[in-house]
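Engineer: If it helps, the file is called input.tsv and holds TSV, C-alpha atoms:
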chain	number	residue	atom	x	y	z
A	264	MET	CA	108.21	-1.48	-100.49
A	265	ASN	CA	110.30	-4.23	-102.08
A	266	ASN	CA	113.30	-5.94	-100.47
A	267	ARG	CA	115.80	-4.05	-102.62
A	268	ALA	CA	114.44	-0.70	-101.42
A	269	GLN	CA	114.50	-1.93	-97.80
A	270	VAL	CA	118.15	-2.91	-98.16
A	271	LEU	CA	119.02	0.49	-99.65
A	272	LEU	CA	117.24	2.21	-96.75
A	273	TRP	CA	119.33	0.16	-94.34
A	274	GLY	CA	122.50	1.20	-96.19
A	275	ALA	CA	121.43	4.86	-96.21
A	276	GLN	CA	120.83	4.76	-92.48
A	277	ARG	CA	124.26	3.27	-91.79
A	278	VAL	CA	126.06	5.81	-93.98
A	279	SER	CA	124.08	8.72	-92.52
A	280	ALA	CA	124.93	7.44	-89.02
A	281	MET	CA	128.65	7.65	-89.84
A	282	VAL	CA	128.20	11.22	-91.11
A	283	LEU	CA	126.20	12.13	-88.01
A	284	GLY	CA	128.86	10.70	-85.72
A	285	ALA	CA	131.40	13.15	-87.11
A	286	CYS	CA	128.95	16.06	-87.42
A	287	VAL	CA	127.69	15.79	-83.83
A	288	ALA	CA	131.26	15.77	-82.49
A	289	VAL	CA	132.22	18.87	-84.48
A	290	HIS	CA	128.96	20.60	-83.56
A	291	LEU	CA	129.39	19.97	-79.81
A	292	VAL	CA	133.02	21.09	-79.76
A	293	THR	CA	132.18	24.26	-81.70
A	294	MET	CA	129.17	25.04	-79.51
A	295	ILE	CA	131.12	24.60	-76.27
A	296	TYR	CA	133.97	26.70	-77.65
A	297	ALA	CA	131.58	29.50	-78.60
A	298	VAL	CA	129.91	29.54	-75.18
A	299	ARG	CA	133.19	29.37	-73.22
A	300	SER	CA	134.53	32.32	-75.12
A	301	GLY	CA	131.59	34.39	-73.96
A	302	LEU	CA	130.28	35.28	-77.39
A	303	SER	CA	126.81	36.81	-77.70
A	304	ALA	CA	124.28	35.53	-80.23
A	305	ALA	CA	124.88	38.59	-82.37
A	306	GLU	CA	128.64	37.99	-82.31
A	307	ILE	CA	128.16	34.33	-83.24
A	308	LEU	CA	125.90	35.25	-86.14
A	309	GLY	CA	128.44	37.84	-87.23
A	310	ARG	CA	131.05	35.08	-87.53
A	311	THR	CA	128.86	32.40	-89.07
A	312	GLN	CA	126.92	34.31	-91.71
A	313	GLY	CA	128.53	34.21	-95.11
A	314	SER	CA	130.86	31.33	-94.20
A	315	PRO	CA	130.76	28.81	-97.08
A	316	GLY	CA	132.58	26.13	-95.09
A	317	TRP	CA	130.15	26.15	-92.14
A	318	PHE	CA	127.23	26.48	-94.56
A	319	ALA	CA	128.34	23.28	-96.33
A	320	PHE	CA	129.03	21.49	-93.04
A	321	TYR	CA	125.62	22.22	-91.53
A	322	THR	CA	123.85	21.48	-94.82
A	323	LEU	CA	125.48	18.04	-94.73
A	324	PHE	CA	124.46	17.69	-91.05
A	325	VAL	CA	120.81	18.48	-91.83
A	326	VAL	CA	120.69	16.16	-94.83
A	327	ALA	CA	122.12	13.32	-92.73
A	328	VAL	CA	119.49	13.93	-90.02
A	329	ALA	CA	116.71	14.06	-92.61
A	330	ILE	CA	117.82	10.67	-93.97
A	331	HIS	CA	118.70	8.93	-90.70
A	332	ALA	CA	115.82	9.87	-88.40
A	333	PRO	CA	112.82	8.89	-90.56
A	334	ILE	CA	114.30	5.50	-91.47
A	335	GLY	CA	114.74	4.71	-87.79
A	336	LEU	CA	111.30	6.07	-86.99
A	337	ARG	CA	109.78	3.80	-89.64
A	338	THR	CA	111.33	0.79	-87.89
A	339	ILE	CA	110.22	1.96	-84.45
A	340	ILE	CA	106.65	2.44	-85.69
A	341	GLY	CA	106.63	-1.07	-87.14
A	342	GLU	CA	108.05	-2.70	-84.04
A	343	THR	CA	106.14	-0.84	-81.35
A	344	LEU	CA	102.79	-0.16	-83.05
A	345	ASN	CA	102.86	-3.12	-85.45
A	346	TRP	CA	101.99	-0.61	-88.20
A	347	ARG	CA	103.74	-1.55	-91.43
A	348	GLY	CA	103.31	-0.92	-95.13
A	349	ARG	CA	102.61	2.18	-97.17
A	350	GLY	CA	101.18	4.27	-94.30
A	351	PRO	CA	104.30	4.47	-92.12
A	352	ASP	CA	106.51	4.68	-95.24
A	353	VAL	CA	104.68	7.83	-96.34
A	354	LEU	CA	104.66	9.24	-92.80
A	355	ALA	CA	108.41	8.69	-92.48
A	356	GLY	CA	108.96	10.38	-95.86
A	357	VAL	CA	106.92	13.39	-94.80
A	358	ILE	CA	108.83	13.66	-91.52
A	359	GLY	CA	112.11	13.46	-93.44
A	360	LEU	CA	111.05	16.27	-95.76
A	361	GLY	CA	109.91	18.34	-92.77
A	362	LEU	CA	113.26	17.86	-90.98
A	363	ALA	CA	115.10	18.83	-94.17
A	364	ALA	CA	112.95	21.93	-94.68
A	365	TRP	CA	113.21	23.21	-91.09
A	366	GLY	CA	116.87	22.30	-90.82
A	367	LEU	CA	117.88	23.96	-94.07
A	368	ARG	CA	115.86	27.05	-93.13
A	369	ALA	CA	117.96	27.31	-89.99
A	370	VAL	CA	121.17	26.74	-91.96
A	371	PHE	CA	120.28	29.57	-94.34
A	372	ALA	CA	119.42	31.83	-91.38
A	373	VAL	CA	122.64	31.17	-89.43
A	374	PHE	CA	125.15	30.59	-92.21
A	375	GLY	CA	123.53	32.25	-95.24
A	376	GLY	CA	124.67	35.53	-96.67
A	377	GLY	CA	122.20	38.01	-95.20
A	378	GLY	CA	120.44	36.49	-92.15
A	379	ALA	CA	116.84	35.32	-91.56
B	276	MET	CA	118.63	-29.75	-48.28
B	277	ASN	CA	115.58	-27.55	-48.65
B	278	ASN	CA	112.81	-28.44	-51.02
B	279	LEU	CA	112.60	-26.48	-54.26
B	280	GLN	CA	109.62	-24.19	-54.77
B	281	VAL	CA	108.78	-24.70	-58.44
B	282	ARG	CA	106.28	-22.79	-60.57
B	283	ILE	CA	105.46	-24.41	-63.89
B	284	TRP	CA	103.38	-22.99	-66.72
B	285	ARG	CA	100.18	-24.96	-67.34
B	286	GLY	CA	97.86	-24.49	-70.29
B	287	THR	CA	98.40	-23.16	-73.77
B	288	GLU	CA	98.61	-19.46	-74.69
B	289	GLU	CA	96.02	-19.03	-71.96
B	290	GLY	CA	96.90	-20.51	-68.63
B	291	GLY	CA	98.84	-19.86	-65.49
B	292	PHE	CA	101.65	-21.06	-63.25
B	293	GLN	CA	101.09	-24.01	-60.94
B	294	ASP	CA	103.16	-24.45	-57.79
B	295	PHE	CA	104.98	-27.66	-56.89
B	296	GLU	CA	107.41	-28.66	-54.19
B	297	VAL	CA	110.30	-30.81	-55.35
B	298	PRO	CA	113.03	-32.42	-53.21
B	299	ARG	CA	116.43	-30.82	-53.76
B	300	GLN	CA	119.21	-33.21	-54.75
B	301	GLU	CA	122.91	-33.10	-55.57
B	302	SER	CA	123.79	-32.35	-59.22
B	303	GLN	CA	120.10	-31.91	-60.02
B	304	THR	CA	119.24	-30.42	-63.41
B	305	VAL	CA	116.13	-28.42	-64.27
B	306	LEU	CA	115.06	-31.30	-66.52
B	307	ASP	CA	115.31	-33.60	-63.48
B	308	VAL	CA	112.93	-31.25	-61.68
B	309	VAL	CA	110.39	-31.25	-64.52
B	310	THR	CA	110.63	-35.03	-64.80
B	311	TYR	CA	110.06	-35.40	-61.04
B	312	VAL	CA	106.93	-33.24	-61.25
B	313	GLN	CA	105.51	-35.27	-64.13
B	314	ARG	CA	106.27	-38.64	-62.54
B	315	LYS	CA	105.47	-37.89	-58.90
B	316	CYS	CA	103.10	-34.90	-58.82
B	317	ASP	CA	101.06	-34.57	-62.00
B	318	PRO	CA	101.33	-37.06	-64.89
B	319	THR	CA	99.38	-34.71	-67.18
B	320	LEU	CA	102.32	-32.28	-67.35
B	321	ALA	CA	103.52	-32.05	-70.98
B	322	TYR	CA	107.17	-31.40	-71.80
B	323	ARG	CA	109.69	-32.45	-74.41
B	324	PHE	CA	113.06	-34.13	-74.04
B	325	ALA	CA	115.07	-36.89	-75.67
B	326	CYS	CA	118.83	-37.24	-75.12
B	327	ARG	CA	119.17	-35.59	-71.65
B	328	VAL	CA	122.83	-34.76	-72.38
B	329	GLY	CA	122.79	-31.64	-74.55
B	330	VAL	CA	122.86	-33.26	-77.96
B	331	CYS	CA	119.28	-33.06	-79.27
B	332	GLY	CA	118.20	-29.60	-78.06
B	333	SER	CA	114.58	-30.65	-77.55
B	334	CYS	CA	114.33	-29.78	-73.83
B	335	ALA	CA	114.76	-26.00	-74.25
B	336	MET	CA	112.50	-23.97	-71.94
B	337	THR	CA	112.42	-20.61	-70.19
B	338	VAL	CA	113.95	-20.98	-66.72
B	339	ASN	CA	113.62	-18.03	-64.36
B	340	GLY	CA	113.05	-15.82	-67.40
B	341	VAL	CA	116.00	-17.08	-69.44
B	342	SER	CA	115.87	-19.47	-72.40
B	343	ARG	CA	118.01	-22.53	-71.69
B	344	TRP	CA	118.51	-26.23	-72.30
B	345	THR	CA	117.03	-27.69	-69.12
B	346	CYS	CA	119.17	-30.85	-69.32
B	347	ARG	CA	122.39	-28.82	-69.18
B	348	THR	CA	121.20	-26.36	-66.55
B	349	HIS	CA	122.03	-27.31	-62.99
B	350	VAL	CA	119.54	-26.12	-60.41
B	351	SER	CA	122.41	-24.80	-58.30
B	352	LYS	CA	123.30	-22.32	-61.06
B	353	VAL	CA	119.87	-20.79	-61.53
B	354	ALA	CA	117.98	-21.22	-58.24
B	355	ALA	CA	120.13	-19.69	-55.54
B	356	ASP	CA	117.04	-19.11	-53.39
B	357	ASP	CA	115.60	-22.57	-54.17
B	358	ARG	CA	112.92	-21.09	-56.44
B	359	LEU	CA	112.38	-22.02	-60.07
B	360	GLU	CA	109.92	-20.64	-62.60
B	361	ILE	CA	109.72	-22.86	-65.66
B	362	ALA	CA	107.85	-21.74	-68.77
B	363	PRO	CA	107.80	-22.72	-72.45
B	364	LEU	CA	110.11	-21.03	-74.94
B	365	ARG	CA	109.09	-17.47	-75.87
B	366	ASN	CA	108.03	-16.39	-79.35
B	367	LEU	CA	106.45	-19.75	-80.25
B	368	PRO	CA	102.84	-20.94	-79.89
B	369	VAL	CA	102.32	-23.18	-76.88
B	370	VAL	CA	100.86	-26.61	-77.63
B	371	LYS	CA	100.49	-27.57	-73.97
B	372	ASP	CA	102.33	-26.67	-70.77
B	373	LEU	CA	106.05	-26.63	-71.66
B	374	VAL	CA	105.69	-27.88	-75.24
B	375	THR	CA	105.88	-25.32	-78.05
B	376	ASP	CA	104.88	-25.62	-81.69
B	377	MET	CA	108.19	-25.38	-83.57
B	378	ARG	CA	106.69	-25.22	-87.08
B	379	GLU	CA	107.08	-21.45	-87.41
B	380	PHE	CA	110.74	-21.76	-86.38
B	381	PHE	CA	111.56	-24.40	-88.98
B	382	ASP	CA	109.35	-22.84	-91.68
B	383	LYS	CA	111.58	-19.78	-91.38
B	384	TRP	CA	114.66	-21.93	-92.01
B	385	ALA	CA	112.98	-22.96	-95.27
B	386	ARG	CA	112.08	-19.32	-96.08
B	387	ALA	CA	115.72	-18.35	-95.55
B	388	ARG	CA	116.68	-21.10	-98.04
B	389	GLY	CA	118.34	-23.07	-95.30
B	390	SER	CA	118.87	-26.20	-97.40
B	391	PHE	CA	122.01	-26.93	-99.41
B	392	SER	CA	121.81	-26.64	-103.20
B	393	GLY	CA	124.63	-28.47	-104.94
B	394	SER	CA	125.47	-28.97	-108.60
B	395	THR	CA	127.28	-32.29	-108.53
B	396	THR	CA	126.19	-35.91	-108.14
B	397	ARG	CA	127.55	-38.78	-106.06
B	398	LYS	CA	129.41	-40.03	-109.12
B	399	GLU	CA	131.73	-37.04	-109.08
B	400	ALA	CA	134.76	-36.51	-106.88
B	401	PHE	CA	134.49	-34.89	-103.46
B	402	ALA	CA	134.81	-31.11	-103.41
B	403	ARG	CA	138.10	-30.03	-101.88
B	404	VAL	CA	137.65	-27.19	-99.40
B	405	GLU	CA	140.77	-25.76	-97.78
B	406	PRO	CA	140.19	-25.95	-93.98
B	407	GLN	CA	141.97	-22.64	-93.40
B	408	SER	CA	140.15	-20.75	-96.12
B	409	LYS	CA	138.13	-17.70	-95.08
B	410	GLU	CA	134.86	-19.28	-96.19
B	411	ARG	CA	135.46	-22.58	-94.43
B	412	ARG	CA	136.35	-20.84	-91.16
B	413	ARG	CA	133.14	-18.80	-91.36
B	414	VAL	CA	131.16	-22.00	-91.88
B	415	ASP	CA	132.92	-23.65	-88.94
B	416	ALA	CA	131.93	-20.74	-86.69
B	417	GLY	CA	128.22	-21.33	-87.24
B	418	ILE	CA	127.76	-24.93	-88.36
B	419	GLU	CA	127.21	-26.54	-84.95
B	420	CYS	CA	123.67	-25.19	-84.57
B	421	ILE	CA	121.26	-28.00	-83.67
B	422	GLY	CA	118.04	-25.99	-84.00
B	423	CYS	CA	117.00	-25.96	-80.35
B	424	GLY	CA	115.20	-22.60	-80.63
B	425	VAL	CA	116.89	-20.95	-77.63
B	426	CYS	CA	118.15	-18.03	-79.75
B	427	TYR	CA	114.71	-17.58	-81.33
B	428	SER	CA	113.14	-17.47	-77.88
B	429	ALA	CA	115.74	-15.00	-76.60
B	430	CYS	CA	115.39	-12.61	-79.56
B	431	ASP	CA	113.43	-9.41	-78.88
B	432	VAL	CA	113.18	-8.58	-82.59
B	433	VAL	CA	111.20	-11.79	-83.17
B	434	SER	CA	108.69	-10.69	-80.54
B	435	TRP	CA	108.40	-7.23	-82.14
B	436	ASN	CA	108.27	-8.44	-85.76
B	437	ARG	CA	106.56	-11.79	-86.24
B	438	ASP	CA	107.82	-12.05	-89.83
B	439	TYR	CA	111.49	-11.74	-88.79
B	440	LEU	CA	113.37	-14.88	-89.81
B	441	GLY	CA	115.25	-15.06	-86.52
B	442	PRO	CA	118.86	-15.82	-85.55
B	443	ALA	CA	118.95	-19.57	-86.25
B	444	ALA	CA	117.57	-19.37	-89.80
B	445	LEU	CA	119.88	-16.48	-90.64
B	446	ASN	CA	122.88	-18.26	-89.10
B	447	ARG	CA	122.07	-21.26	-91.28
B	448	ALA	CA	121.82	-19.04	-94.37
B	449	TRP	CA	125.21	-17.51	-93.51
B	450	THR	CA	126.89	-20.94	-93.34
B	451	LEU	CA	125.44	-21.80	-96.77
B	452	ILE	CA	126.44	-18.44	-98.27
B	453	ASN	CA	130.00	-19.38	-97.30
B	454	ASP	CA	129.72	-22.97	-98.57
B	455	VAL	CA	131.75	-22.86	-101.77
B	456	ARG	CA	129.86	-25.90	-103.14
B	457	ASP	CA	126.45	-24.23	-102.88
B	458	VAL	CA	124.91	-22.78	-106.06
B	459	ALA	CA	121.92	-20.84	-104.67
B	460	ARG	CA	123.80	-17.82	-103.32
B	461	ALA	CA	121.77	-15.13	-105.11
B	462	GLU	CA	118.39	-16.69	-104.24
B	463	ARG	CA	119.46	-17.06	-100.60
B	464	LEU	CA	120.73	-13.49	-100.33
B	465	ALA	CA	117.42	-12.28	-101.77
B	466	ALA	CA	115.51	-14.48	-99.30
B	467	VAL	CA	117.25	-13.02	-96.25
B	468	ALA	CA	117.18	-9.35	-97.37
B	469	GLY	CA	115.04	-6.56	-95.97
B	470	ASP	CA	112.75	-5.79	-93.07
B	471	ALA	CA	111.86	-9.42	-92.28
B	472	GLY	CA	115.41	-10.63	-92.86
B	473	CYS	CA	118.90	-9.84	-91.63
B	474	HIS	CA	118.41	-6.06	-91.80
B	475	ALA	CA	115.84	-6.20	-88.99
B	476	CYS	CA	118.49	-7.34	-86.49
B	477	HIS	CA	119.31	-4.67	-83.89
B	478	THR	CA	122.49	-6.42	-82.75
B	479	HIS	CA	121.19	-6.86	-79.21
B	480	LEU	CA	123.34	-10.02	-79.02
B	481	SER	CA	120.74	-11.92	-76.97
B	482	CYS	CA	121.10	-14.90	-79.35
B	483	THR	CA	124.85	-14.91	-78.95
B	484	GLU	CA	124.56	-14.54	-75.16
B	485	ARG	CA	122.10	-17.44	-74.85
B	486	CYS	CA	123.26	-19.93	-77.51
B	487	PRO	CA	124.08	-23.15	-75.59
B	488	LYS	CA	126.54	-24.10	-78.32
B	489	GLY	CA	128.46	-20.85	-77.93
B	490	LEU	CA	127.76	-19.72	-81.49
B	491	SER	CA	127.34	-16.11	-82.56
B	492	PRO	CA	124.37	-15.75	-84.90
B	493	THR	CA	124.86	-11.98	-84.53
B	494	ALA	CA	128.21	-12.22	-86.33
B	495	GLY	CA	126.66	-14.23	-89.15
B	496	ILE	CA	123.77	-11.78	-89.46
B	497	ALA	CA	126.25	-8.89	-89.67
B	498	GLY	CA	128.01	-10.75	-92.48
B	499	LEU	CA	124.69	-11.27	-94.26
B	500	LYS	CA	123.86	-7.55	-94.00
B	501	ARG	CA	127.10	-6.65	-95.74
B	502	ALA	CA	126.81	-9.41	-98.34
B	503	VAL	CA	123.22	-8.45	-99.22
B	504	LEU	CA	124.09	-4.76	-99.52
B	505	ALA	CA	127.05	-5.57	-101.78
B	506	ALA	CA	124.87	-7.89	-103.89
B	507	THR	CA	122.23	-5.15	-104.18
B	508	PHE	CA	124.78	-2.66	-105.52
B	509	SER	CA	126.38	-5.18	-107.86
B	510	GLY	CA	123.00	-6.20	-109.28
B	511	GLU	CA	123.42	-9.83	-108.11
B	512	ILE	CA	120.00	-9.60	-106.44
Let me see whether you can do it: turn the structure in this file into structure tokens.

Structural biologist:
Amino acid sequence: MNNRAQVLLWGAQRVSAMVLGACVAVHLVTMIYAVRSGLSAAEILGRTQGSPGWFAFYTLFVVAVAIHAPIGLRTIIGETLNWRGRGPDVLAGVIGLGLAAWGLRAVFAVFGGGGA
Amino acid sequence: MNNLQVRIWRGTEEGGFQDFEVPRQESQTVLDVVTYVQRKCDPTLAYRFACRVGVCGSCAMTVNGVSRWTCRTHVSKVAADDRLEIAPLRNLPVVKDLVTDMREFFDKWARARGSFSGSTTRKEAFARVEPQSKERRRVDAGIECIGCGVCYSACDVVSWNRDYLGPAALNRAWTLINDVRDVARAERLAAVAGDAGCHACHTHLSCTERCPKGLSPTAGIAGLKRAVLAATFSGEI
């Protein structure tokens, strides 16, 4: 990977961190609110499914995770295992795609139109 | 006063600590202790020093686990229980005992394009740089580095990533990036970019904490990160 790509990865991780900071705060507040109000899972799903706003919010959340986590993991692999180059780059990419796939599947299930 | 119980690293990369007993004295520095051991206990002990007053930076060692100038470190500040463990700087190959091979450290200054590139000759007038300008103040904040290697020894990222340029080289690059007379800005930004450059820094601040000159390489590295990212988007590099 050339230096330009490495710099862009660094920038992507910083921007995704800012997005995550906001998303995690909103997520925690919403989650605590839902639990304190004594809602059941079925009642929560009844409120979330078909909501375009929450669908967009959690899609953004998942995309930010799928960008942020593998870039950090790539650095951790390099620094702790001294494994650098194409191998960990590909591994990080695969992990990013996996996080995006699983995360978006959950978003569709909870916030999509008809349920999982 | 009690005698000091001193453990000093002997050998190269392979070796071990050797114990010495050194008389405790008023206003004694760690360099005084090392010098006493070499002159009175074991003349084969290798160590480096020159000025003894915090100007040259050549006496840097690891004292009780912390990288320091030994000439400016009073025993009373670091050996409350009259015990000292003195080792060579971290992150550099050991030549012998307390002497490290500094080539890697200075080679990285060269890799970071740490030398000034001007465009004028001695026949032309002096450049006029406003002392209060933003660039000049940034240069002032980092220019007093004397290359002692304490920050390089204190940096965990260097120990995790042997290619990482390190705080001193990046601090030097930052002062040159802000030198309005320098003409190698794009080449220097490219040289310090990426996984082995400024973007590897985790902002642990160990360099800033340990710098005997009170500089903040971390601040300069943060500036480099932003400057390189901007140059990448603008197509400058």

Engineer: In terms of the shortest atom-to-atom distance over only C-alpha atoms, which of A:Val370, A:Ile330, A:Ile307, A:Ala363 is closest to Trp273 of chain A?

Structural biologist: A:Ile330

Engineer: Can you tell me which residues surround Glu511 of chain B at a distance of at most 12 Å, considering all atoms listed in the file, apart from same-chain residues fewer than 4 positions away, and format the answer as a PDB file with C-alpha atoms, keeping the file's coordinate frame?

Structural biologist:
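Result saved to selection10.pdb:
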ATOM      1  CA  ARG A 267     115.800  -4.050-102.620  1.00  0.00           C
TER       2      ARG A 267
ATOM      3  CA  ALA B 459     121.920 -20.840-104.670  1.00  0.00           C
ATOM      4  CA  ARG B 460     123.800 -17.820-103.320  1.00  0.00           C
ATOM      5  CA  ALA B 461     121.770 -15.130-105.110  1.00  0.00           C
ATOM      6  CA  GLU B 462     118.390 -16.690-104.240  1.00  0.00           C
ATOM      7  CA  ARG B 463     119.460 -17.060-100.600  1.00  0.00           C
ATOM      8  CA  LEU B 464     120.730 -13.490-100.330  1.00  0.00           C
ATOM      9  CA  ALA B 465     117.420 -12.280-101.770  1.00  0.00           C
ATOM     10  CA  ALA B 502     126.810  -9.410 -98.340  1.00  0.00           C
ATOM     11  CA  VAL B 503     123.220  -8.450 -99.220  1.00  0.00           C
ATOM     12  CA  LEU B 504     124.090  -4.760 -99.520  1.00  0.00           C
ATOM     13  CA  ALA B 505     127.050  -5.570-101.780  1.00  0.00           C
ATOM     14  CA  ALA B 506     124.870  -7.890-103.890  1.00  0.00           C
ATOM     15  CA  THR B 507     122.230  -5.150-104.180  1.00  0.00           C
TER      16      THR B 507
END

Engineer: Could you give me, as JSON lines, a per-residue list for chain B showing, wherever an atom lies at most 10 Å from an atom of chain A, the closest pair of atoms and their distance in Å to one decimal, using only C-alpha atoms and sorting by chain then residue number from low to high?

Structural biologist:
{"residue": "B:Val432", "atom": "CA", "partner": "A:Glu342", "partner_atom": "CA", "distance": 7.9}
{"residue": "B:Val433", "atom": "CA", "partner": "A:Glu342", "partner_atom": "CA", "distance": 9.7}
{"residue": "B:Ser434", "atom": "CA", "partner": "A:Glu342", "partner_atom": "CA", "distance": 8.7}
{"residue": "B:Trp435", "atom": "CA", "partner": "A:Glu342", "partner_atom": "CA", "distance": 4.9}
{"residue": "B:Asn436", "atom": "CA", "partner": "A:Glu342", "partner_atom": "CA", "distance": 6.0}
{"residue": "B:Arg437", "atom": "CA", "partner": "A:Asn345", "partner_atom": "CA", "distance": 9.5}
{"residue": "B:Ala465", "atom": "CA", "partner": "A:Asn266", "partner_atom": "CA", "distance": 7.7}
{"residue": "B:Ala466", "atom": "CA", "partner": "A:Asn266", "partner_atom": "CA", "distance": 8.9}
{"residue": "B:Val467", "atom": "CA", "partner": "A:Asn266", "partner_atom": "CA", "distance": 9.1}
{"residue": "B:Ala468", "atom": "CA", "partner": "A:Asn266", "partner_atom": "CA", "distance": 6.0}
{"residue": "B:Gly469", "atom": "CA", "partner": "A:Asn266", "partner_atom": "CA", "distance": 4.9}
{"residue": "B:Asp470", "atom": "CA", "partner": "A:Gln269", "partner_atom": "CA", "distance": 6.4}
{"residue": "B:Ala471", "atom": "CA", "partner": "A:Asn266", "partner_atom": "CA", "distance": 9.0}
{"residue": "B:Gly472", "atom": "CA", "partner": "A:Asn266", "partner_atom": "CA", "distance": 9.2}
{"residue": "B:Cys473", "atom": "CA", "partner": "A:Val270", "partner_atom": "CA", "distance": 9.6}
{"residue": "B:His474", "atom": "CA", "partner": "A:Trp273", "partner_atom": "CA", "distance": 6.8}
{"residue": "B:Ala475", "atom": "CA", "partner": "A:Thr338", "partner_atom": "CA", "distance": 8.4}
{"residue": "B:Lys500", "atom": "CA", "partner": "A:Val270", "partner_atom": "CA", "distance": 8.5}
{"residue": "B:Arg501", "atom": "CA", "partner": "A:Gly274", "partner_atom": "CA", "distance": 9.1}
{"residue": "B:Val503", "atom": "CA", "partner": "A:Val270", "partner_atom": "CA", "distance": 7.6}
{"residue": "B:Leu504", "atom": "CA", "partner": "A:Val270", "partner_atom": "CA", "distance": 6.4}
{"residue": "B:Ala505", "atom": "CA", "partner": "A:Gly274", "partner_atom": "CA", "distance": 9.9}
{"residue": "B:Ala506", "atom": "CA", "partner": "A:Arg267", "partner_atom": "CA", "distance": 9.9}
{"residue": "B:Thr507", "atom": "CA", "partner": "A:Arg267", "partner_atom": "CA", "distance": 6.7}
{"residue": "B:Phe508", "atom": "CA", "partner": "A:Leu271", "partner_atom": "CA", "distance": 8.8}
{"residue": "B:Ile512", "atom": "CA", "partner": "A:Arg267", "partner_atom": "CA", "distance": 7.9}

Engineer: Between A:Ala285, A:Val325, A:Leu354, A:Val278, which has the minimum distance to Arg368 of chain A (counting all atoms listed in the file)?

Structural biologist: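 Looking only at the distances to Arg368 of chain A, the closest residue turns out to be A:Val325.
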
Engineer: Calculate how many Å separate atom CA of Cys486 of chain B from atom CA of Val458 of chain B, rounding to one decimal.

Structural biologist: 28.7 Å

Engineer: So, with all atoms listed in the file as the atoms that count, which of B:Thr304, B:Val404, B:Asn278, B:Tyr427 lies closest to Lys352 of chain B?

Structural biologist: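 Using all atoms listed in the file, the shortest distance to Lys352 of chain B belongs to B:Thr304.
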
Engineer: Counting all atoms listed in the file, figure out which residue out of B:Lys488, B:Arg299, B:Arg358, B:Arg282 gets nearest to Cys423 of chain B.

Structural biologist: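 Ranked by minimum distance to Cys423 of chain B, first place goes to B:Lys488.
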
Engineer: When you count all atoms listed in the file, which of these residues is closest to Glu360 of chain B: B:Gly291, B:Gly417, B:Gly389, B:Gly286?

Structural biologist: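 The answer is B:Gly291, which sits nearest to Glu360 of chain B.
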
Engineer: Give me the segment 396-460 of chain B side of the contact with segment 376-385 of chain B, cut-off 9 Å, one line per residue showing its nearest atom pair and distance in Å at one decimal, counting all atoms listed in the file, sorted by chain and residue number, as a tab-separated table.

Structural biologist:
residue	atom	partner	partner_atom	distance
B:Gly422	CA	B:Phe381	CA	8.3
B:Gly424	CA	B:Phe380	CA	7.3
B:Tyr427	CA	B:Phe380	CA	7.7
B:Asp438	CA	B:Lys383	CA	8.7
B:Tyr439	CA	B:Lys383	CA	8.4
B:Leu440	CA	B:Lys383	CA	5.4
B:Gly441	CA	B:Lys383	CA	7.7
B:Ala443	CA	B:Trp384	CA	7.6
B:Ala444	CA	B:Trp384	CA	4.5
B:Leu445	CA	B:Trp384	CA	7.7
B:Arg447	CA	B:Trp384	CA	7.5
B:Ala448	CA	B:Trp384	CA	8.1

Engineer: A:Gly356, A:Gly361, A:Gly316, A:Gly309: which is nearest Leu336 of chain A, counting only C-alpha atoms?

Structural biologist: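 Distance minimum relative to Leu336 of chain A lands on A:Gly356.
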
Engineer: Do a neighbour search on Trp317 of chain A at 12 Å with only C-alpha atoms, toss out local chain neighbours closer than 5 positions, and write the hits as a ChimeraX atom specification.

Structural biologist: /A:286,289-290,293,308,310-312,322-324,370-371,373-376

Engineer: Quick one: 3 Å padding each side, axis-aligned, all listed atoms of segment 350-357 of chain A - centre and edge lengths in Å to one decimal, as AutoDock Vina command-line options?

Structural biologist:
--center_x 105.1 --center_y 8.8 --center_z -94.2 --size_x 13.8 --size_y 15.1 --size_z 10.2

Engineer: Please measure the separation of atom CA of Glu288 of chain B and atom CA of Thr375 of chain B, giving the value in Å to one decimal.

Structural biologist: 9.9 Å

Engineer: For Ser428 of chain B, work out the shell of residues within 6 Å, counting all atoms listed in the file and skipping chain neighbours fewer than 4 positions away, then give it as a PyMOL selection string.

Structural biologist: chain B and resi 364-366

Engineer: Tell me, as an MDAnalysis selection string, which residues lie within 10 Å of segment 333-345 of chain B, counting only C-alpha atoms; anything in the same chain fewer than 3 positions away does not count.

Structural biologist: chainID B and resid 282:284 304:309 322:330 348:350 353:354 358:365 373:375 421:430 482 485:487

Engineer: One decimal, Å: what's the distance from atom CA of Ala402 of chain B over to atom CA of Arg456 of chain B, could you say?

Structural biologist: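 These two atoms are separated by 7.2 Å.
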